[in-house]
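S.K.: Quick one: the structure is below, questions incoming.
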Amino acid sequence: MKCFFCDKPATLHVTNIVNKKKRETHLCENCARERNLLPEQPGSQIDLPALLNLVTSLQEPEATSTAVATPPPSCPACGLAYAGFKAEGRFGCRHDYDAFHAALEPLFERVHRATTHTGKLPMCARVAVRAAEIDRLHVSIKAAIKAENYEQAARLRDLIRQMEAEGTPG
Amino acid sequence: MNLDSLLPNLGEWLRGSGPDSDVVVSTRIRLARNLADFPFTGRATPAQKAEIVTRARDAIARAELPGKLEYHDVPSMATLDRQFLVERQLISRELAAVLEGPRGVAFDAKESVSVMVNEEDHLRLQVLRSGFALEEAWADVDKLDDAIEARLVYAFHAQFGYLTACPTNVGTGLRASVMLHLPALGLTKLIDKVFRALQKINLAVRGLHGEGSRAFGDLYQISNQVTLGKPETKILNEIKEVIVTILQYERQARAVLLKERKQGEHDRVARALGTLGSATMITTEETMELLSVVRLGIHLQLINDVPATVVNQLFIQTQAAHLQKLVGHALDGEERNAARAKYLKTRLRELGAHRQ
C-alpha cells in the first residue's frame with residue numbers, strides 16, 4: 001500500500017470512524033513524522049490534536065490528492081475571498097458573514113469563546129420578536145378557550161393588548 | 001463652526017467631578033454599527049462613502065436627542081484641527097489621518113456624545129462621562145443608538161448580532177473603556193501584576209490615546225475584548241467588578257504612601273509643582289508625569305491650592321495641537337516645549353494670584 005501523501009510504501013495506518021463511516025489513511029514514516037503523528041522519542045505521547053486534524057481535514061482520498069479542506073467560497077456580494085479576509089483581518093461586507101459562515105464559528109469561538117449574539121436587538125428585530133410572541137399567545141388563547149379555561153384566555157388577551165400597546169411608537 | 005470656540009472649554013468628561021474621580025478619570029462606551037445597504041468602509045467606493053455620510057447626517061439631524069450633534073467634515077479640516085479633536089478624544093487617529101475619502105464626526109456642545117462616520121465601521125457611536133459611570137454611559141449610548149436607528153437599517157445577523165468590519169467587534173459592537181489614574185500602584189510596582197491578571201481575564205490595558213499608545217502620567221484605559229455571546233449589561237458588569245478591585249488596590253497603595261512616607265510625598269508634589277511653574281522648556285511626557293504627581297498630591301490632600309479640574313485641563317491643553325491653537329500658529333518641537341513651559345508658568349501663576 002502506498003502513502004497518502006507520497007508514493008513511498010505506507011507503514012502507518014490510521015483508521016477513524018465517524019458516524020459509523022470508516023475511513024482509513026495510510027502514510028509512510030516520513031510523512032507521518034512531518035505531521036507530528038509519530039513520537040520523536042520512544043515513550044513520548046502522540047500529538048493527538050495533529051492526528052485529529054489529519055483525520056478531520058482529509059477529503060475522500062480518491063477524490064483529491066491534497067489534505068486541505070475546501071476553503072469557504074468568495075463572497076458573492078463584495079467578491080472578498082476567504083484568504084483575503086484572513087490576510088487583512090477585516091470583512092468586506094455583511095454578506096461575508098454568511099459566505100464564510102463555517103469558518104467563522106471556530107474563529108469566534110477562539111476570539112470571543114462564543115458563537116451567538118445574546119445582546120441588544122435592533123428595532124426591526126425587536127418588532128419581529130414581539131410579533132412572533134403575540135402570534136404564539138393567540139394560539140394559546142385558542143387552546144385555553146377550547147379547554148374552557150376562560151380565565152386563562154382573558155389573562156392572555158390582556159397580555160397581548162399590553163404588548164401591542166408597548167409596540168406602538170409614541 | 002470654528003473649532004477654536006472649543007478651546008477655552010473642557011469636555012464635560014474632563015471636569016473630574018464624576019463618581020470615584022480620585023482614581024477614575026472618565027468612562028467611555030462606543031458601539032460599532034454598519035448600514036445594511038453598503039459594503040463596509042474599507043471596501044466602499046468614494047461614491048458609496050459619500051452616500052453613507054449623507055444618510056448618517058440625515059439620521060443624526062433628525063434623531064431625537066437631548067443635545068444637538070453638529071457634523072464636521074474631516075477631509076476639509078486642517079491637520080491641526082484634526083489633531084485637536086484626537087486630543088479631545090472625539091475622533092480616532094485613524095479617522096484623523098489614516099483613512100481616506102468622505103468621513104466626519106458629529107458631536108454635541110458638551111463633548112459627551114460623538115458619532116464618527118466612515119471610520120472602520122460606518123458608524124461609531126460614543127458616549128464619554130466623567131468618573132466611573134458605566135451604567136449611565138450605557139443608558140446614553142443605548143438611547144443614541146435607538147434614535148439614530150430610527151432612520152437607518154443596520155447590518156444585523158440573527159446569529160452573529162451587529163455585523164462589524166473587524167471580527168473582534170461583532171455581536172454587541174460594544175467597547176467600554178475606563179480611564180484610570182494609578183500613580184500609587186505605579187510607585188509601588190504593583191501595576192504590572194495587576195495588568196497581567198487583567199490580560200488573563202480578557203480585558204485590555206492601553207495608554208491615554210488607545211491602541212498602541214504609551215501610558216504617560218500613570219493614565220491607563222481598561223477595556224473589554226469580548227463582544228459576542230454576552231448581553232451588554234453582563235459585559236459592563238464584568239468590567240465593573242474588575243475596576244472596583246483595582247480602585248481598592250490603588251486606594252490601599254495611596255493610604256500606605258501617606259502612612260509610610262508622607263513627608264517624602266509632600267516634597268515630591270511640591271517639587272513637581274515647582275518644575276511645572278518654573279521650567280523654560282518642557283516635553284509633553286515630562287508634563288504628564290509631573291501633572292500625575294500633582295494630581296496624586298491633590299487627592300492625598302497634600303496640597304489644596306490647585307483644583308483637580310485645572311490639572312485635568314492642563315493634561316489636555318499642554319498637548320501639541322491644543323498648545324498650537326492656544327498660541328495661534330504652528331510650532332516645531334523645540335518651540336512647542338518652550339510654549340508649553342510658558343503656558344504652564346502662566347496658568348500656575350494665575351492660581352497663585354487667586355490664592356492671595
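If you're wondering about the labels, chains in the C-alpha cells are A, B, ... by order shown, residues count from 1 in each chain, ligands from 1 in order shown.
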Which neighbours of Ser5 of chain B fall inside 12 Å, counting only C-alpha atoms, when residues of the same chain fewer than 2 positions from it are skipped, and could you give them as a list in words?
M.R.: Met1, Asn2, Leu3, Leu7, Pro8, Asn9, Leu10, Asp81, Ala109, Lys325 and Leu326 of chain B
S.K.: Keeping only N, CA and C atoms, write those residues as a tab-separated table (two decimals), in the first residue's frame.
M.R.:
```
chain	number	residue	atom	x	y	z
B	1	MET	N	-18.66	75.61	11.75
B	1	MET	CA	-18.29	76.04	13.12
B	1	MET	C	-16.77	76.09	13.25
B	2	ASN	N	-16.30	77.12	13.91
B	2	ASN	CA	-14.87	77.23	14.15
B	2	ASN	C	-14.52	76.45	15.42
B	3	LEU	N	-13.59	75.52	15.28
B	3	LEU	CA	-13.23	74.68	16.43
B	3	LEU	C	-12.56	75.48	17.54
B	7	LEU	N	-11.79	75.73	22.41
B	7	LEU	CA	-10.50	75.77	23.07
B	7	LEU	C	-10.53	76.11	24.56
B	8	PRO	N	-11.20	77.22	24.94
B	8	PRO	CA	-11.18	77.55	26.37
B	8	PRO	C	-12.01	76.59	27.21
B	9	ASN	N	-12.92	75.85	26.58
B	9	ASN	CA	-13.78	74.94	27.33
B	9	ASN	C	-13.10	73.61	27.54
B	10	LEU	N	-13.75	72.81	28.33
B	10	LEU	CA	-13.25	71.48	28.60
B	10	LEU	C	-14.42	70.55	28.39
B	81	ASP	N	-6.49	70.93	13.32
B	81	ASP	CA	-7.83	70.75	13.89
B	81	ASP	C	-8.14	69.27	14.10
B	109	ALA	N	-22.26	69.98	22.13
B	109	ALA	CA	-21.50	71.10	22.71
B	109	ALA	C	-20.76	70.69	23.98
B	325	LYS	N	-2.91	75.73	18.99
B	325	LYS	CA	-4.12	76.54	18.81
B	325	LYS	C	-4.16	77.67	19.83
B	326	LEU	N	-3.68	77.40	21.05
B	326	LEU	CA	-3.63	78.45	22.08
B	326	LEU	C	-2.70	79.57	21.65
```
S.K.: Please provide as a list in words all residues within 12 Å of Phe195 of chain B, with the sequence filter that same-chain residues fewer than 4 positions apart are discarded (counting only C-alpha atoms).
M.R.: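 Residues near the query, excluding close chain neighbours: Leu182, Leu185, Gly186, Lys189, Leu190, Ile191, Gln199, Lys200, Ile201, Asn202, Leu203, Ala204, Val205, Arg206, Tyr220, Gln221, Ile222, Ser223, Val242, Ile243 and Ile246 of chain B.
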S.K.: So that I can check the surroundings of Leu344 of chain B, please list as a CSV table (one decimal) with N, CA and C atoms, in the first residue's frame every protein, DNA and RNA residue that reaches within 10 Å of it, counting only C-alpha atoms and ignoring chain neighbours fewer than 5 positions away.
M.R.:
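This is the output file result_30.csv:
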```
chain,number,residue,atom,x,y,z
B,273,LEU,N,5.3,70.7,41.3
B,273,LEU,CA,4.7,72.0,41.0
B,273,LEU,C,5.8,73.0,40.7
B,275,THR,N,8.8,72.5,39.4
B,275,THR,CA,9.3,72.4,38.0
B,275,THR,C,8.3,72.9,37.0
B,276,LEU,N,7.0,72.5,37.2
B,276,LEU,CA,5.9,72.9,36.2
B,276,LEU,C,5.8,74.4,36.1
B,277,GLY,N,6.1,75.1,37.3
B,277,GLY,CA,5.9,76.5,37.3
B,277,GLY,C,7.1,77.3,37.0
B,278,SER,N,8.3,76.6,36.8
B,278,SER,CA,9.5,77.4,36.5
B,278,SER,C,10.3,77.0,35.4
B,279,ALA,N,10.0,75.8,34.8
B,279,ALA,CA,10.8,75.3,33.6
B,279,ALA,C,10.6,76.3,32.4
B,280,THR,N,11.6,76.4,31.6
B,280,THR,CA,11.5,77.2,30.4
B,280,THR,C,11.4,76.3,29.1
B,282,ILE,N,9.8,72.2,28.3
B,282,ILE,CA,9.3,71.0,28.9
B,282,ILE,C,8.5,70.2,27.8
B,287,THR,N,5.6,66.8,31.3
B,287,THR,CA,4.5,67.5,31.8
B,287,THR,C,3.5,66.5,32.4
B,314,LEU,N,-5.0,71.0,32.2
B,314,LEU,CA,-3.6,71.1,31.8
B,314,LEU,C,-3.1,69.8,31.1
B,317,GLN,N,-4.6,70.5,27.6
B,317,GLN,CA,-4.2,71.8,26.9
B,317,GLN,C,-2.7,71.9,26.7
B,318,THR,N,-1.9,71.1,27.3
B,318,THR,CA,-0.4,71.1,27.0
B,318,THR,C,0.0,70.1,25.9
B,339,ALA,N,6.8,76.9,24.5
B,339,ALA,CA,5.5,77.4,24.6
B,339,ALA,C,4.7,76.7,25.7
B,349,ARG,N,0.7,80.6,37.8
B,349,ARG,CA,0.8,81.9,38.4
B,349,ARG,C,-0.5,82.5,38.7
B,350,GLU,N,-1.4,82.3,37.7
B,350,GLU,CA,-2.8,82.7,37.9
B,350,GLU,C,-3.4,82.2,39.2
```
S.K.: Using only C-alpha atoms and a cut-off of 10 Å, which residues of chain B sit close to chain A? Please list them as a PyMOL selection string.
M.R.: chain B and resi 34-44+120+142+145-146+149-150+153-173+202+225-235
S.K.: Please produce an output containing C-alpha atoms for each residue in the selection, written as a PDB file, in the first residue's frame.
M.R.:
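Dumped everything to part-v9.pdb:
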```pdb
ATOM      1  CA  ASN B  34     -22.951  49.486   9.914  1.00  0.00           C
ATOM      2  CA  LEU B  35     -25.630  50.265   7.376  1.00  0.00           C
ATOM      3  CA  ALA B  36     -27.145  47.176   5.757  1.00  0.00           C
ATOM      4  CA  ASP B  37     -27.089  48.569   2.199  1.00  0.00           C
ATOM      5  CA  PHE B  38     -23.363  49.231   1.762  1.00  0.00           C
ATOM      6  CA  PRO B  39     -20.089  47.324   1.890  1.00  0.00           C
ATOM      7  CA  PHE B  40     -18.010  48.121   4.985  1.00  0.00           C
ATOM      8  CA  THR B  41     -15.989  51.344   4.782  1.00  0.00           C
ATOM      9  CA  GLY B  42     -12.760  49.557   3.807  1.00  0.00           C
ATOM     10  CA  ARG B  43     -14.349  48.220   0.603  1.00  0.00           C
ATOM     11  CA  ALA B  44     -16.759  51.074  -0.171  1.00  0.00           C
ATOM     12  CA  GLU B 120     -13.539  51.288  10.212  1.00  0.00           C
ATOM     13  CA  ASP B 142     -28.314  52.793  24.052  1.00  0.00           C
ATOM     14  CA  ASP B 145     -28.314  54.038  19.095  1.00  0.00           C
ATOM     15  CA  ASP B 146     -32.138  53.758  19.019  1.00  0.00           C
ATOM     16  CA  GLU B 149     -31.513  53.633  14.042  1.00  0.00           C
ATOM     17  CA  ALA B 150     -34.968  55.191  13.625  1.00  0.00           C
ATOM     18  CA  VAL B 153     -31.298  49.990   8.664  1.00  0.00           C
ATOM     19  CA  TYR B 154     -28.367  48.415  10.477  1.00  0.00           C
ATOM     20  CA  ALA B 155     -26.476  45.337   9.306  1.00  0.00           C
ATOM     21  CA  PHE B 156     -27.672  42.687  11.752  1.00  0.00           C
ATOM     22  CA  HIS B 157     -27.402  38.902  11.688  1.00  0.00           C
ATOM     23  CA  ALA B 158     -29.742  36.529  13.531  1.00  0.00           C
ATOM     24  CA  GLN B 159     -26.820  34.505  14.905  1.00  0.00           C
ATOM     25  CA  PHE B 160     -23.878  36.921  14.961  1.00  0.00           C
ATOM     26  CA  GLY B 161     -25.675  40.117  16.013  1.00  0.00           C
ATOM     27  CA  TYR B 162     -24.470  43.537  14.869  1.00  0.00           C
ATOM     28  CA  LEU B 163     -22.057  42.977  11.998  1.00  0.00           C
ATOM     29  CA  THR B 164     -18.761  44.838  12.013  1.00  0.00           C
ATOM     30  CA  ALA B 165     -15.749  45.128   9.723  1.00  0.00           C
ATOM     31  CA  CYS B 166     -13.469  43.523  12.306  1.00  0.00           C
ATOM     32  CA  PRO B 167     -14.314  40.119  13.826  1.00  0.00           C
ATOM     33  CA  THR B 168     -13.207  41.407  17.247  1.00  0.00           C
ATOM     34  CA  ASN B 169     -16.207  43.793  17.392  1.00  0.00           C
ATOM     35  CA  VAL B 170     -19.005  41.543  16.150  1.00  0.00           C
ATOM     36  CA  GLY B 171     -22.099  40.861  18.275  1.00  0.00           C
ATOM     37  CA  THR B 172     -22.740  43.812  20.533  1.00  0.00           C
ATOM     38  CA  GLY B 173     -20.199  46.078  18.799  1.00  0.00           C
ATOM     39  CA  ASN B 202      -9.567  39.087  28.605  1.00  0.00           C
ATOM     40  CA  GLN B 225     -12.118  42.409  24.468  1.00  0.00           C
ATOM     41  CA  VAL B 226     -15.078  40.075  24.115  1.00  0.00           C
ATOM     42  CA  THR B 227     -18.084  41.499  22.253  1.00  0.00           C
ATOM     43  CA  LEU B 228     -20.007  38.343  21.274  1.00  0.00           C
ATOM     44  CA  GLY B 229     -22.039  35.903  23.345  1.00  0.00           C
ATOM     45  CA  LYS B 230     -22.845  38.086  26.339  1.00  0.00           C
ATOM     46  CA  PRO B 231     -25.522  40.754  26.794  1.00  0.00           C
ATOM     47  CA  GLU B 232     -24.216  44.319  27.074  1.00  0.00           C
ATOM     48  CA  THR B 233     -25.083  44.562  30.763  1.00  0.00           C
ATOM     49  CA  LYS B 234     -23.048  41.431  31.525  1.00  0.00           C
ATOM     50  CA  ILE B 235     -20.012  42.753  29.649  1.00  0.00           C
TER      51      ILE B 235
END
```
S.K.: How would you write, as a PyMOL selection string, the set of residues in segment 163-305 of chain B that DSSP gives as helix (DSSP H, G or I)?
M.R.: chain B and resi 183-187+191-200+232-278+284-299
S.K.: Write the residues you've just listed into a file as a compact mmCIF listing (two decimals), in the first residue's frame, and include C-alpha atoms for each of them.
M.R.:
```txt
# COMPACT_ATOMS: atom_id res chain seq x y z
CA PRO B 183 0.09 56.64 40.36
CA ALA B 184 0.35 54.80 43.67
CA LEU B 185 0.20 51.36 42.05
CA GLY B 186 2.91 52.61 39.69
CA LEU B 187 5.12 53.75 42.57
CA ILE B 191 0.92 47.79 38.40
CA ASP B 192 2.44 45.05 36.21
CA LYS B 193 0.96 42.38 38.43
CA VAL B 194 -2.49 43.96 38.11
CA PHE B 195 -2.20 44.14 34.34
CA ARG B 196 -1.03 40.57 33.94
CA ALA B 197 -4.09 39.50 35.90
CA LEU B 198 -6.32 41.63 33.64
CA GLN B 199 -4.98 40.12 30.44
CA LYS B 200 -5.75 36.65 31.75
CA GLU B 232 -24.22 44.32 27.07
CA THR B 233 -25.08 44.56 30.76
CA LYS B 234 -23.05 41.43 31.53
CA ILE B 235 -20.01 42.75 29.65
CA LEU B 236 -20.26 46.00 31.61
CA ASN B 237 -20.71 44.24 34.93
CA GLU B 238 -17.60 42.15 34.37
CA ILE B 239 -15.51 45.27 33.75
CA LYS B 240 -17.13 47.00 36.67
CA GLU B 241 -16.17 44.25 39.10
CA VAL B 242 -12.56 44.38 37.95
CA ILE B 243 -12.37 48.17 38.16
CA VAL B 244 -13.80 48.12 41.67
CA THR B 245 -10.96 45.79 42.67
CA ILE B 246 -8.30 47.98 41.02
CA LEU B 247 -9.82 51.02 42.79
CA GLN B 248 -9.34 49.26 46.11
CA TYR B 249 -5.72 48.38 45.31
CA GLU B 250 -4.91 51.94 44.24
CA ARG B 251 -6.55 53.45 47.33
CA GLN B 252 -4.74 50.99 49.60
CA ALA B 253 -1.44 51.86 47.94
CA ARG B 254 -2.20 55.57 48.42
CA ALA B 255 -3.01 55.01 52.08
CA VAL B 256 0.31 53.19 52.53
CA LEU B 257 2.15 56.08 50.86
CA LEU B 258 0.54 58.56 53.24
CA LYS B 259 1.29 56.44 56.25
CA GLU B 260 4.87 55.48 55.45
CA ARG B 261 6.30 58.46 53.64
CA LYS B 262 4.02 61.44 53.82
CA GLN B 263 6.89 63.92 54.11
CA GLY B 264 8.63 62.42 51.09
CA GLU B 265 5.43 62.52 49.03
CA HIS B 266 4.74 66.10 50.04
CA ASP B 267 8.23 67.01 48.88
CA ARG B 268 7.74 65.19 45.57
CA VAL B 269 4.47 67.05 44.92
CA ALA B 270 6.00 70.42 45.82
CA ARG B 271 8.96 69.76 43.52
CA ALA B 272 6.64 68.72 40.68
CA LEU B 273 4.69 71.97 41.04
CA GLY B 274 7.98 73.86 41.25
CA THR B 275 9.26 72.37 37.99
CA LEU B 276 5.94 72.90 36.20
CA GLY B 277 5.90 76.52 37.33
CA SER B 278 9.48 77.43 36.55
CA THR B 284 4.56 66.51 26.84
CA GLU B 285 5.88 63.39 28.56
CA GLU B 286 7.54 65.27 31.41
CA THR B 287 4.48 67.50 31.80
CA MET B 288 2.22 64.47 32.10
CA GLU B 289 4.50 62.73 34.60
CA LEU B 290 4.64 65.88 36.78
CA LEU B 291 0.90 66.58 36.49
CA SER B 292 0.32 62.99 37.59
CA VAL B 293 2.32 63.67 40.76
CA VAL B 294 0.32 66.87 41.37
CA ARG B 295 -2.99 65.06 40.79
CA LEU B 296 -1.97 62.43 43.36
CA GLY B 297 -0.99 65.22 45.76
CA ILE B 298 -4.44 66.78 45.42
CA HIS B 299 -6.23 63.52 46.20
```
S.K.: Between B:Gln313, B:Ser92, B:Ser177, B:Thr27, single out the one closest to Gly131 of chain B, counting only C-alpha atoms.
M.R.: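 Going through B:Gln313, B:Ser92, B:Ser177, B:Thr27 one by one, the smallest distance to Gly131 of chain B is for B:Thr27.
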S.K.: Need to verify the contact set: Val115 of chain B, 9 Å, only C-alpha atoms, exclusion of same-chain residues closer than 5 positions in sequence. Can you return it as a list in words?
M.R.: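 Listed by chain and then number, they are Ile60, Leu69, Tyr71, Leu90, Ile91, Gly104, Val105, Ala106, Phe107, Leu123, Arg124, Leu125, Gln126 and Val127 of chain B.
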S.K.: B:Glu87, B:Asp22, B:Asp218, B:Asp108: which is nearest Pro66 of chain B, counting only C-alpha atoms?
M.R.: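 Between B:Glu87, B:Asp22, B:Asp218, B:Asp108, the residue approaching Pro66 of chain B most closely is B:Asp108.
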S.K.: Using only C-alpha atoms, which protein or nucleic acid residues come within 9 Å of segment 149-163 of chain A? Drop anything in the same chain fewer than 6 positions from it, and give the result as a PyMOL selection string.
M.R.: chain A and resi 130+133-134+137-138+140-143
